[in-house]
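Below is one structure, written out as structure tokens, with a few remarks after it.
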Amino acid sequence: MKIQKSSQDYLESMLMMQQERGYIRSIDVAEHLGVTKPSVSYATKRLRENGYITMDREGFITLTDSGMAIAASMLDRHHTLTRFLIALGVDPKVAEEDACKIEHDISDETFAAICAHAVRHDETK
């Protein structure tokens, strides 16, 4: 099943919230993504329907195994691309923003080639 870019962003943000705070709440996701609470409500409904998240009675969100797999993949892409762009000399803030845009649109083949290139040119070896 192909997941939309916006859903990838939500899942990635949720994983970041979990790692930073130990919990995930809709309000924190809205703040992190700069979207409205109704937008998050709609997105979480769709993510629940597709089996990517669950929510408890208090409104805390948990990533399912499939949601976690997507979120972890997107976060890995994001971190890898950010480091790669910084290594190319891009300002870290710009690299972070650009990585967020690029991570959704490049193919697995291109991402693998970037990773292979980065490994070959890793100066920390």
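We name chains A, B, ... following the order of the structure tokens; residues begin at 1 in each chain, and ligands are numbered from 1 as shown.
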Checklist entry - Got a sec: who's within 7 Å of segment 60-68 of chain A, counting only C-alpha atoms, leaving out chain neighbours fewer than 3 positions off, as a ChimeraX atom specification? => result /A:11,23-25,51-56,71-72
Item to check | Contacts of Asp76 of chain A within 12 Å, only C-alpha atoms, excl. fewer than 2 positions in-chain, as a list in words | outcome: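 My list of contacting residues is Glu12, Leu15, Met16, Met68, Ala69, Ile70, Ala71, Ala72, Ser73, Met74, His78, His79, Thr80, Leu81, Thr82, Arg83, Ala99, Cys100, Glu103, His104, Phe111 and Cys115 of chain A.
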Checklist entry - Hey, which of A:Lys101, A:Arg77, A:Arg57, A:Arg46 ends up closest to Ile3 of chain A? Count only C-alpha atoms. => result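 Closest to Ile3 of chain A of all the choices is A:Arg46.
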Item to check | Test item, helix (DSSP H, G or I) assignment across segment 40-76 of chain A, answer as a PyMOL selection string | outcome: chain A and resi 40-49+65-76
Item to check | Pick from A:Thr110, A:Asp9, A:Asn50, A:Leu75 nearest to Gly34 of chain A, counting only C-alpha atoms | outcome: A:Asp9
Next on the checklist: To one decimal place in Å, what is the distance between atom CA of Ala43 of chain A and atom CA of Val29 of chain A?
Outcome noted: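 Computed distance, atom CA of Ala43 of chain A to atom CA of Val29 of chain A, equals 10.6 Å.
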